[in-house]
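Student: If it helps, the file is called query.cif and holds mmCIF, C-alpha atoms and all ligand atoms:
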```
data_coords
loop_
_atom_site.label_atom_id
_atom_site.label_comp_id
_atom_site.auth_asym_id
_atom_site.auth_seq_id
_atom_site.Cartn_x
_atom_site.Cartn_y
_atom_site.Cartn_z
CA MET A 1 -16.93 0.25 -17.85
CA ILE A 2 -14.97 3.39 -18.68
CA ILE A 3 -16.32 6.39 -20.53
CA ILE A 4 -13.71 8.59 -22.17
CA VAL A 5 -15.01 12.15 -22.29
CA LYS A 6 -14.02 14.52 -25.13
CA GLN A 7 -11.31 17.06 -24.25
CA GLN A 8 -13.62 19.97 -25.11
CA HIS A 9 -16.79 19.14 -23.25
CA ASP A 10 -19.61 21.02 -21.64
CA GLU A 11 -19.43 20.68 -17.82
CA LYS A 12 -23.23 20.71 -17.53
CA GLN A 13 -23.54 17.80 -19.95
CA LEU A 14 -20.86 15.92 -18.01
CA ASN A 15 -22.73 16.47 -14.73
CA ASN A 16 -25.95 15.26 -16.35
CA LEU A 17 -24.19 12.10 -17.54
CA VAL A 18 -22.79 11.42 -14.05
CA LYS A 19 -26.25 11.95 -12.54
CA TRP A 20 -27.85 9.61 -15.12
CA ILE A 21 -25.35 6.85 -14.32
CA LYS A 22 -25.77 7.27 -10.56
CA ASN A 23 -29.55 7.09 -10.93
CA GLN A 24 -29.06 3.57 -12.28
CA GLY A 25 -27.56 2.55 -8.92
CA LEU A 26 -23.97 2.62 -10.20
CA GLY A 27 -20.87 4.27 -8.75
CA VAL A 28 -18.85 6.82 -10.73
CA ASP A 29 -15.18 7.66 -10.33
CA LEU A 30 -14.22 10.84 -12.15
CA SER A 31 -10.59 11.01 -13.16
CA VAL A 32 -9.46 14.32 -14.62
CA GLY A 33 -5.98 14.02 -16.07
CA ALA A 34 -3.82 16.39 -18.07
CA HIS A 35 -4.79 14.72 -21.35
CA SER A 36 -8.13 13.07 -20.71
CA THR A 37 -11.21 12.94 -18.52
CA ILE A 38 -12.39 9.46 -17.69
CA LEU A 39 -15.52 8.26 -15.94
CA GLY A 40 -15.05 4.88 -14.28
CA VAL A 41 -18.39 3.19 -13.77
CA VAL A 42 -18.63 0.50 -11.06
CA GLY A 43 -21.41 -1.94 -10.27
CA ASP A 44 -23.52 -4.16 -12.50
CA THR A 45 -23.09 -2.27 -15.78
CA SER A 46 -24.66 -5.02 -17.91
CA LYS A 47 -27.91 -3.03 -18.19
CA VAL A 48 -26.25 0.20 -19.34
CA ASP A 49 -27.00 0.90 -23.01
CA ILE A 50 -23.45 1.26 -24.29
CA ASP A 51 -24.57 2.47 -27.76
CA LEU A 52 -26.66 5.19 -26.21
CA VAL A 53 -23.71 6.40 -24.11
CA ARG A 54 -21.40 6.29 -27.14
CA SER A 55 -23.82 8.43 -29.15
CA LEU A 56 -23.68 11.30 -26.62
CA ASP A 57 -22.08 14.55 -27.78
CA ILE A 58 -19.46 14.70 -25.04
CA VAL A 59 -18.41 11.03 -25.27
CA GLU A 60 -15.32 10.04 -27.21
CA ASN A 61 -15.39 6.31 -26.47
CA VAL A 62 -16.82 3.68 -24.13
CA LYS A 63 -15.06 0.45 -23.14
CA ARG A 64 -15.97 -2.45 -20.93
CA ILE A 65 -13.19 -3.38 -18.50
CA GLN A 66 -12.33 -7.06 -18.72
CA GLU A 67 -10.35 -7.30 -15.46
CA PRO A 68 -12.40 -8.03 -12.32
CA PHE A 69 -10.72 -5.15 -10.45
CA LYS A 70 -12.22 -1.81 -11.41
CA CYS A 71 -11.41 1.00 -8.93
CA ALA A 72 -7.80 -0.20 -8.68
CA ASN A 73 -7.47 -0.48 -12.47
CA ARG A 74 -5.18 1.91 -14.30
CA LYS A 75 -7.71 2.06 -17.13
CA PHE A 76 -10.09 3.73 -14.66
CA HIS A 77 -7.50 6.17 -13.44
CA PRO A 78 -4.58 6.57 -15.85
CA GLU A 79 -2.58 8.92 -13.60
CA ASP A 80 -0.59 7.54 -10.64
CA THR A 81 -2.40 7.86 -7.33
CA ILE A 82 -0.29 9.91 -4.95
CA VAL A 83 -1.12 9.10 -1.36
CA ASP A 84 -0.60 11.98 1.07
CA ILE A 85 0.20 11.06 4.68
CA ASN A 86 0.47 14.32 6.66
CA GLY A 87 2.34 15.88 3.75
CA ILE A 88 4.47 12.79 2.98
CA LYS A 89 3.67 11.76 -0.57
CA VAL A 90 3.79 8.16 -1.76
CA GLY A 91 3.60 7.51 -5.51
CA GLY A 92 4.49 9.48 -8.65
CA ASP A 93 8.11 10.62 -8.56
CA ASN A 94 8.32 10.36 -4.76
CA PHE A 95 10.23 7.65 -2.92
CA GLN A 96 9.53 7.01 0.77
CA ILE A 97 10.98 4.60 3.29
CA ILE A 98 8.94 3.10 6.10
CA ALA A 99 11.34 1.82 8.74
CA GLY A 100 11.27 0.54 12.30
CA PRO A 101 11.29 -2.64 14.31
CA CYS A 102 9.18 -5.70 13.60
CA SER A 103 7.51 -5.24 17.00
CA VAL A 104 7.24 -2.42 19.46
CA GLU A 105 9.00 -3.69 22.60
CA THR A 106 9.68 -0.78 24.96
CA GLU A 107 9.40 3.00 24.86
CA LYS A 108 13.19 3.32 24.80
CA GLN A 109 13.47 0.87 21.89
CA ILE A 110 10.83 2.44 19.64
CA VAL A 111 11.85 6.05 20.33
CA GLU A 112 15.54 5.27 19.82
CA VAL A 113 14.92 3.42 16.55
CA ALA A 114 12.49 6.11 15.34
CA LYS A 115 15.07 8.87 15.90
CA ALA A 116 17.81 6.86 14.20
CA VAL A 117 15.82 5.96 11.08
CA LYS A 118 14.45 9.47 10.74
CA LYS A 119 18.00 10.87 10.84
CA ALA A 120 18.99 8.44 8.09
CA GLY A 121 16.11 9.41 5.78
CA ALA A 122 13.05 7.31 6.71
CA THR A 123 9.82 9.27 6.59
CA LEU A 124 7.35 6.83 8.14
CA LEU A 125 7.75 4.73 11.29
CA ARG A 126 6.68 1.08 11.39
CA GLY A 127 6.22 -1.15 14.42
CA GLY A 128 3.91 -4.05 15.16
CA ALA A 129 1.61 -3.75 18.17
CA PHE A 130 -0.59 -6.72 17.24
CA LYS A 131 1.64 -9.46 15.88
CA PRO A 132 0.43 -12.36 13.72
CA ARG A 133 2.73 -15.14 14.97
CA THR A 134 2.76 -18.72 13.71
CA SER A 135 2.97 -20.02 17.28
CA PRO A 136 0.55 -18.95 20.02
CA TYR A 137 3.48 -19.28 22.46
CA SER A 138 5.56 -16.60 20.69
CA PHE A 139 5.46 -12.92 21.66
CA GLN A 140 2.10 -11.58 20.45
CA GLY A 141 2.93 -7.86 20.61
CA LEU A 142 2.21 -5.24 23.27
CA ARG A 143 -1.23 -4.64 21.76
CA GLU A 144 -2.87 -1.35 23.02
CA THR A 145 0.33 -0.40 24.86
CA GLY A 146 2.23 -0.89 21.59
CA ILE A 147 0.02 1.65 19.84
CA ASP A 148 0.48 4.11 22.75
CA LEU A 149 4.27 3.74 22.46
CA LEU A 150 4.14 4.29 18.68
CA LEU A 151 2.18 7.49 19.31
CA LYS A 152 4.81 8.53 21.83
CA ALA A 153 7.52 7.96 19.18
CA LYS A 154 5.43 9.99 16.73
CA GLU A 155 5.23 12.81 19.27
CA GLU A 156 9.01 12.76 19.71
CA THR A 157 9.92 12.59 16.02
CA GLY A 158 6.91 13.84 14.06
CA MET A 159 6.95 10.65 11.97
CA PRO A 160 3.55 9.25 10.93
CA ILE A 161 3.07 5.66 12.11
CA VAL A 162 2.26 2.46 10.26
CA THR A 163 0.97 -0.54 12.21
CA GLU A 164 -0.94 -3.75 11.54
CA ILE A 165 -4.58 -4.36 12.38
CA MET A 166 -5.66 -7.98 12.86
CA SER A 167 -9.26 -7.76 14.00
CA VAL A 168 -12.33 -5.61 13.42
CA ARG A 169 -12.67 -5.57 17.23
CA HIS A 170 -9.57 -3.34 17.41
CA ILE A 171 -10.69 -0.62 14.98
CA ASP A 172 -11.25 1.98 17.74
CA LEU A 173 -7.67 1.53 18.95
CA PHE A 174 -6.43 2.66 15.50
CA LYS A 175 -8.11 6.08 15.51
CA ASP A 176 -4.80 7.97 15.79
CA VAL A 177 -2.81 5.61 13.57
CA ASP A 178 -1.80 7.23 10.26
CA VAL A 179 -1.47 4.12 8.09
CA VAL A 180 -3.36 0.93 8.82
CA GLN A 181 -1.45 -2.15 7.69
CA ILE A 182 -3.17 -5.31 6.49
CA GLY A 183 -0.67 -8.13 6.85
CA ALA A 184 0.02 -10.97 4.44
CA ARG A 185 -2.00 -13.42 6.53
CA ASP A 186 -5.07 -11.18 6.43
CA MET A 187 -4.93 -10.12 2.79
CA GLN A 188 -8.04 -12.20 2.12
CA ASN A 189 -9.82 -11.57 5.42
CA PHE A 190 -12.67 -9.98 3.50
CA GLU A 191 -14.72 -8.86 6.51
CA LEU A 192 -11.64 -7.06 7.88
CA LEU A 193 -10.98 -5.48 4.46
CA LYS A 194 -14.54 -4.15 4.26
CA GLU A 195 -14.41 -2.62 7.76
CA VAL A 196 -10.95 -1.12 7.20
CA GLY A 197 -12.29 0.36 3.95
CA LYS A 198 -14.78 2.34 6.05
CA MET A 199 -12.12 3.76 8.40
CA ASN A 200 -11.17 6.66 6.10
CA LYS A 201 -7.45 5.96 6.60
CA VAL A 202 -4.49 5.26 4.36
CA VAL A 203 -4.11 1.48 4.06
CA LEU A 204 -0.89 -0.46 3.46
CA LEU A 205 -2.01 -3.73 1.88
CA LYS A 206 0.60 -6.48 1.95
CA ARG A 207 0.51 -9.29 -0.56
CA GLY A 208 -0.57 -12.66 0.81
CA MET A 209 2.30 -15.12 0.71
CA CYS A 210 0.38 -17.50 -1.56
CA ASN A 211 -1.66 -14.99 -3.53
CA THR A 212 -1.61 -13.98 -7.17
CA ILE A 213 -1.35 -10.38 -8.28
CA GLU A 214 -4.98 -10.45 -9.38
CA GLU A 215 -6.17 -11.75 -6.00
CA TRP A 216 -4.13 -9.00 -4.34
CA LEU A 217 -5.77 -6.33 -6.51
CA MET A 218 -9.18 -7.81 -5.74
CA SER A 219 -8.39 -7.32 -2.04
CA ALA A 220 -7.56 -3.68 -2.81
CA GLU A 221 -10.91 -3.55 -4.61
CA TYR A 222 -12.70 -4.69 -1.42
CA ILE A 223 -11.19 -1.74 0.47
CA MET A 224 -11.78 0.75 -2.36
CA SER A 225 -15.38 -0.30 -2.89
CA GLU A 226 -16.04 0.95 0.68
CA GLY A 227 -14.79 4.42 -0.22
CA THR A 228 -11.07 4.32 0.59
CA LYS A 229 -8.96 5.63 -2.28
CA ASP A 230 -5.56 5.72 -0.59
CA ILE A 231 -4.01 2.28 -0.71
CA ILE A 232 -0.32 1.44 -0.85
CA LEU A 233 0.46 -2.06 -2.09
CA CYS A 234 3.38 -3.86 -0.42
CA GLU A 235 5.18 -6.77 -2.09
CA ARG A 236 6.73 -8.85 0.71
CA GLY A 237 7.74 -12.07 -1.02
CA ILE A 238 5.78 -15.18 -1.87
CA ARG A 239 6.21 -18.82 -0.87
CA THR A 240 8.16 -20.93 -3.31
CA PHE A 241 10.14 -24.20 -3.11
CA GLU A 242 13.32 -22.26 -2.15
CA PRO A 243 14.25 -22.77 1.52
CA TYR A 244 17.38 -20.55 1.65
CA THR A 245 15.19 -17.49 2.02
CA ARG A 246 12.06 -17.01 4.12
CA ASN A 247 10.09 -16.07 0.97
CA THR A 248 10.98 -15.29 -2.63
CA LEU A 249 10.81 -11.62 -3.60
CA ASP A 250 8.62 -11.30 -6.68
CA LEU A 251 10.34 -8.39 -8.37
CA SER A 252 8.31 -8.76 -11.57
CA ALA A 253 5.22 -7.84 -9.58
CA ILE A 254 6.46 -4.23 -9.40
CA PRO A 255 6.55 -3.31 -13.13
CA LEU A 256 3.47 -5.46 -13.71
CA LEU A 257 1.52 -3.61 -11.04
CA LYS A 258 2.62 -0.33 -12.57
CA GLU A 259 0.80 -1.40 -15.75
CA LEU A 260 -2.26 -2.83 -14.05
CA THR A 261 -2.96 -0.27 -11.33
CA HIS A 262 -2.52 3.40 -10.45
CA LEU A 263 -1.85 2.57 -6.78
CA PRO A 264 1.67 3.07 -5.36
CA VAL A 265 3.80 -0.03 -4.74
CA VAL A 266 6.39 -0.47 -2.00
CA VAL A 267 8.60 -3.46 -1.24
CA ASP A 268 9.44 -5.14 2.06
CA PRO A 269 12.83 -6.82 1.55
CA SER A 270 12.99 -7.88 5.22
CA HIS A 271 10.08 -10.33 5.19
CA ALA A 272 10.86 -11.26 1.59
CA SER A 273 14.28 -12.67 2.47
CA GLY A 274 14.29 -13.23 6.22
CA LEU A 275 18.02 -12.42 6.14
CA SER A 276 19.46 -9.05 7.15
CA ARG A 277 22.38 -9.36 4.72
CA LEU A 278 19.96 -9.55 1.76
CA VAL A 279 18.09 -6.37 2.69
CA ARG A 280 20.52 -4.06 0.89
CA PRO A 281 20.68 -5.91 -2.47
CA LEU A 282 16.93 -6.49 -2.52
CA SER A 283 16.28 -2.84 -1.67
CA LEU A 284 18.42 -1.72 -4.61
CA ALA A 285 16.74 -4.24 -6.93
CA SER A 286 13.35 -2.92 -5.86
CA VAL A 287 14.36 0.66 -6.64
CA GLY A 288 15.60 -0.51 -10.04
CA SER A 289 12.30 -2.28 -10.69
CA GLY A 290 10.28 0.89 -10.17
CA ALA A 291 9.11 0.66 -6.56
CA ASP A 292 7.67 3.79 -4.92
CA GLY A 293 9.24 2.97 -1.59
CA LEU A 294 10.48 0.39 0.85
CA MET A 295 9.44 -1.01 4.21
CA ILE A 296 12.49 -2.13 6.16
CA GLU A 297 12.80 -3.70 9.60
CA VAL A 298 15.40 -1.86 11.69
CA HIS A 299 16.25 -2.74 15.30
CA ASN A 300 18.79 -1.20 17.68
CA ASP A 301 19.65 -4.66 19.05
CA PRO A 302 18.64 -7.30 16.47
CA LYS A 303 20.20 -10.21 18.41
CA ASN A 304 17.80 -9.64 21.27
CA ALA A 305 14.74 -8.64 19.23
CA LEU A 306 11.50 -10.25 20.37
CA CYS A 307 10.51 -10.92 16.77
CA ASP A 308 12.32 -11.22 13.40
CA GLY A 309 15.83 -10.39 14.68
CA ALA A 310 17.49 -12.38 11.86
CA GLN A 311 16.08 -10.10 9.18
CA SER A 312 16.45 -6.83 11.09
CA ILE A 313 19.27 -4.45 10.25
CA LYS A 314 20.92 -1.94 12.57
CA PRO A 315 20.50 1.83 12.13
CA ASP A 316 24.02 2.26 10.70
CA GLU A 317 23.34 -0.37 8.02
CA PHE A 318 20.07 1.39 7.26
CA GLU A 319 21.90 4.66 6.80
CA GLN A 320 24.22 3.02 4.27
CA ILE A 321 21.30 1.54 2.31
CA VAL A 322 19.69 4.98 2.05
CA GLU A 323 22.97 6.40 0.68
CA HIS A 324 23.10 3.68 -2.00
CA ILE A 325 19.43 4.10 -2.89
CA ASN A 326 19.97 7.82 -3.36
CA VAL A 327 22.52 7.14 -6.09
CA MET A 328 19.93 5.11 -7.99
CA LEU A 329 16.79 7.19 -7.50
CA PRO A 330 17.39 9.88 -10.17
CA LEU A 331 18.13 7.13 -12.72
CA CYS A 332 14.79 5.57 -11.88
CA GLY A 333 12.74 8.75 -12.29
CA LYS A 334 12.45 9.45 -8.57
CA LYS A 335 13.37 12.38 -6.38
CA GLU A 336 16.25 11.80 -3.97
CA ILE A 337 15.67 11.24 -0.26
CA VAL A 338 16.85 14.33 1.60
C1 LIG B 401 4.98 -7.21 9.36
O1 LIG B 401 5.18 -6.36 8.49
O2 LIG B 401 5.16 -7.01 10.54
C2 LIG B 401 4.49 -8.55 8.98
C3 LIG B 401 3.99 -9.38 9.87
O3 LIG B 401 4.62 -8.81 7.67
P1 LIG B 401 3.83 -9.84 6.73
O4 LIG B 401 2.38 -9.62 6.99
O5 LIG B 401 4.26 -9.43 5.37
O6 LIG B 401 4.31 -11.21 7.11
MN MN B 402 8.46 -8.84 11.08
#
```
Could I get this structure in the form of structure tokens?
Ligand code: PEP
Ligand code: MN

Tutor:
Amino acid sequence: MIIIVKQQHDEKQLNNLVKWIKNQGLGVDLSVGAHSTILGVVGDTSKVDIDLVRSLDIVENVKRIQEPFKCANRKFHPEDTIVDINGIKVGGDNFQIIAGPCSVETEKQIVEVAKAVKKAGATLLRGGAFKPRTSPYSFQGLRETGIDLLLKAKEETGMPIVTEIMSVRHIDLFKDVDVVQIGARDMQNFELLKEVGKMNKVVLLKRGMCNTIEEWLMSAEYIMSEGTKDIILCERGIRTFEPYTRNTLDLSAIPLLKELTHLPVVVDPSHASGLSRLVRPLSLASVGSGADGLMIEVHNDPKNALCDGAQSIKPDEFEQIVEHINVMLPLCGKKEIV
């Protein structure tokens, strides 16, 4: 349920209304925008007397929200959410690039790649420490050591780090991680979502490869209902009948999400295509479709990468992509990458 509050309202009356709703065991999200003040009410609102609320002096209108996702709904929060990661802003007119290798392999590798992508314009460093691999015989990631090496790269470059969590048992290891990634395979691991929602961290939530947009937003809702407001959605391609690419990038998800939710949306063209030569065109298409950023796999030696070498680009190719993106950004209502 959303309650639209009159522009000219008495603060005391507004506080009383919030208190009255909370006393009924419901949650309230107050969204104060330039043009309106909206109270988003979450929980079982079926017992709330909607006519009584509508009759209040300060209330302009009351509406029930049809969609099952509430906190993530743009109707709840009409303004874009701008996520702040140590001063790096994701959402609104900002455009950020998360770049780095699929997996952290050695200190030299992660530090070298971090320095190269930062120089080219990336603002956040990615790297998998815990890797969700299809085969148990494939490289599983350096685990704790991987996180230590990411922190070392952060120390050297100042870049905040983004890395995937796969189990609630590992939560303590993520205490110094800036952005906790939920991978495609775990998008509906609801127990993990609930615990990550309690971590008080920025969460990068990737779309499950076989999940609808609504299911994806319901996963965001799981995290938000535990108190986390800062979620970045990441479209990374879905499974279709097309075998030429690893997945099929669902570009329509970007403008659709912009209508449905206030959360920022980034695109991962690397996992979407599985092919390094498609990373540039898909990156540009994502910018043109309204994305708030990109997550790109960059490796200093893709041929010998321990994971996802075929889709990884080299630092010089990354630099070129950033140059091309910069031409498009002002046309798409975004600030250029400096
Ligand atoms: C990744 O980003 O490292 C990854 C495993 O991606 P996804 O979960 O989208 O497959
Ligand atoms: Mn990968």

Student: Can you tell me how far atom CA of A:Trp216 sits from atom CA of A:His35, in Å to one decimal?

Tutor: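 Distance between the two atoms: 29.2 Å.
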
Student: List all protein, DNA and RNA residues that have any atom at most 8 Å from ligand LIG 401 (chain B), counting all atoms listed in the file, and write the list as a short mmCIF file (atom, residue, chain, number, x, y, z; two decimals) with C-alpha atoms, in the coordinates of the input.

Tutor:
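Contents of selection.cif, as written:
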```
data_model
loop_
_atom_site.label_atom_id
_atom_site.label_comp_id
_atom_site.auth_asym_id
_atom_site.auth_seq_id
_atom_site.Cartn_x
_atom_site.Cartn_y
_atom_site.Cartn_z
CA CYS A 102 9.18 -5.70 13.60
CA SER A 103 7.51 -5.24 17.00
CA GLY A 127 6.22 -1.15 14.42
CA GLY A 128 3.91 -4.05 15.16
CA LYS A 131 1.64 -9.46 15.88
CA PRO A 132 0.43 -12.36 13.72
CA ARG A 133 2.73 -15.14 14.97
CA THR A 163 0.97 -0.54 12.21
CA GLU A 164 -0.94 -3.75 11.54
CA GLN A 181 -1.45 -2.15 7.69
CA ILE A 182 -3.17 -5.31 6.49
CA GLY A 183 -0.67 -8.13 6.85
CA ALA A 184 0.02 -10.97 4.44
CA ARG A 185 -2.00 -13.42 6.53
CA ASP A 186 -5.07 -11.18 6.43
CA LYS A 206 0.60 -6.48 1.95
CA ARG A 207 0.51 -9.29 -0.56
CA GLY A 208 -0.57 -12.66 0.81
CA MET A 209 2.30 -15.12 0.71
CA GLU A 235 5.18 -6.77 -2.09
CA ARG A 236 6.73 -8.85 0.71
CA GLY A 237 7.74 -12.07 -1.02
CA ASP A 268 9.44 -5.14 2.06
CA HIS A 271 10.08 -10.33 5.19
CA ALA A 272 10.86 -11.26 1.59
#
```

Student: Nearest to A:Lys108 among A:Glu156, A:Asp178, A:Glu221, A:Glu323, with distances taken over only C-alpha atoms: which residue is it?

Tutor: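 Comparing A:Glu156, A:Asp178, A:Glu221, A:Glu323 against A:Lys108, the winner is A:Glu156.
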
Student: Give me the residues within 12 Å of A:Gly25 as a ChimeraX atom specification, counting only C-alpha atoms and dropping any in the same chain fewer than 5 places off.

Tutor: /A:18-20,41-45,47-48

Student: When you look at stretch 57-64 of chain A with a cut-off of 8 Å (counting all atoms listed in the file), what residues show up, excluding the ones that are within fewer than 3 positions of it in the same chain? I need them as a list of chain:residue names.

Tutor: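 My list of contacting residues is A:Met1, A:Ile2, A:Ile3, A:Ile4, A:Val5, A:Lys6, A:Gln8, A:His9, A:Asp10, A:Gln13, A:Leu14, A:Ile50, A:Val53, A:Arg54.
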
Student: Can you spit out the residues from that selection as a short mmCIF file (atom, residue, chain, number, x, y, z; two decimals), in the frame of the given file, using C-alpha atoms?

Tutor:
```cif
data_model
loop_
_atom_site.label_atom_id
_atom_site.label_comp_id
_atom_site.auth_asym_id
_atom_site.auth_seq_id
_atom_site.Cartn_x
_atom_site.Cartn_y
_atom_site.Cartn_z
CA MET A 1 -16.93 0.25 -17.85
CA ILE A 2 -14.97 3.39 -18.68
CA ILE A 3 -16.32 6.39 -20.53
CA ILE A 4 -13.71 8.59 -22.17
CA VAL A 5 -15.01 12.15 -22.29
CA LYS A 6 -14.02 14.52 -25.13
CA GLN A 8 -13.62 19.97 -25.11
CA HIS A 9 -16.79 19.14 -23.25
CA ASP A 10 -19.61 21.02 -21.64
CA GLN A 13 -23.54 17.80 -19.95
CA LEU A 14 -20.86 15.92 -18.01
CA ILE A 50 -23.45 1.26 -24.29
CA VAL A 53 -23.71 6.40 -24.11
CA ARG A 54 -21.40 6.29 -27.14
#
```

Student: Which is closer to ligand MN 402 (chain B) than all the others in A:Thr261, A:Asn211, A:Thr134, A:Thr157, using only C-alpha atoms and all ligand atoms?

Tutor: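 Of A:Thr261, A:Asn211, A:Thr134, A:Thr157, the one nearest ligand MN 402 (chain B) is A:Thr134, counting only C-alpha atoms and all ligand atoms.
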
Student: Could you pull the residues within 7 Å of stretch 293-295 of chain A, counting all atoms listed in the file, minus those fewer than 6 positions along the same chain, as a ChimeraX atom specification?

Tutor: /A:95-99,265-268

Student: Just the residues within 12 Å of stretch 144-149 of chain A, please, counting only C-alpha atoms, with nothing from its chain fewer than 2 positions along; format it as a ChimeraX atom specification.

Tutor: /A:101-112,114,125-131,140-142,151-156,161-165,170-178,180

Student: For atom CA of A:Lys335 and atom CA of A:Pro315, determine how far apart the two atoms are, in Å to one decimal place.

Tutor: 22.5 Å

Student: Expressed in Å to a single decimal, how great is the separation between atom CA of A:Phe190 and atom CA of A:Ile38?

Tutor: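 Spanning atom CA of A:Phe190 to atom CA of A:Ile38 is a straight-line distance of 28.8 Å.
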
Student: For each of A:Gly288, A:Gly100, A:Gly158, A:Pro264, take the minimum atom-to-atom distance to ligand MN 402 (chain B), counting only C-alpha atoms and all ligand atoms, then give the residue where this is smallest.

Tutor: A:Gly100

Student: Which is closer to A:Val168 than all the others in A:Leu306, A:Leu26, A:Cys71, A:Met199, using only C-alpha atoms?

Tutor: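 Closest residue, counting only C-alpha atoms: A:Met199.
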
Student: Taking into account all atoms listed in the file, which residue in the set A:Ile321, A:Met187, A:Leu275, A:Val327 is nearest to ligand MN 402 (chain B)?

Tutor: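 Ranking A:Ile321, A:Met187, A:Leu275, A:Val327 by distance to ligand MN 402 (chain B), first place goes to A:Leu275.
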
Student: Stretch 289-291 of chain A: which residues within 12 Å, counting only C-alpha atoms, same-chain residues fewer than 2 positions away excluded, as an MDAnalysis selection string?

Tutor: chainID A and resid 90:97 232:235 249:259 263:269 282:287 293:295 325 328:334

Student: What box, with edges along x, y and z, holds each listed atom of stretch 11-18 of chain A when 8 Å is added on every side, and can you state its centre and edge lengths in Å to one decimal, as AutoDock Vina command-line options?

Tutor:
```
--center_x -22.7 --center_y 16.1 --center_z -17.0 --size_x 22.5 --size_y 25.3 --size_z 21.9
```

Student: Between A:Tyr244, A:Phe318, A:Phe139, A:Tyr222, which is the closest to ligand MN 402 (chain B) once you count only C-alpha atoms and all ligand atoms?

Tutor: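 Distance minimum relative to ligand MN 402 (chain B) lands on A:Phe139.
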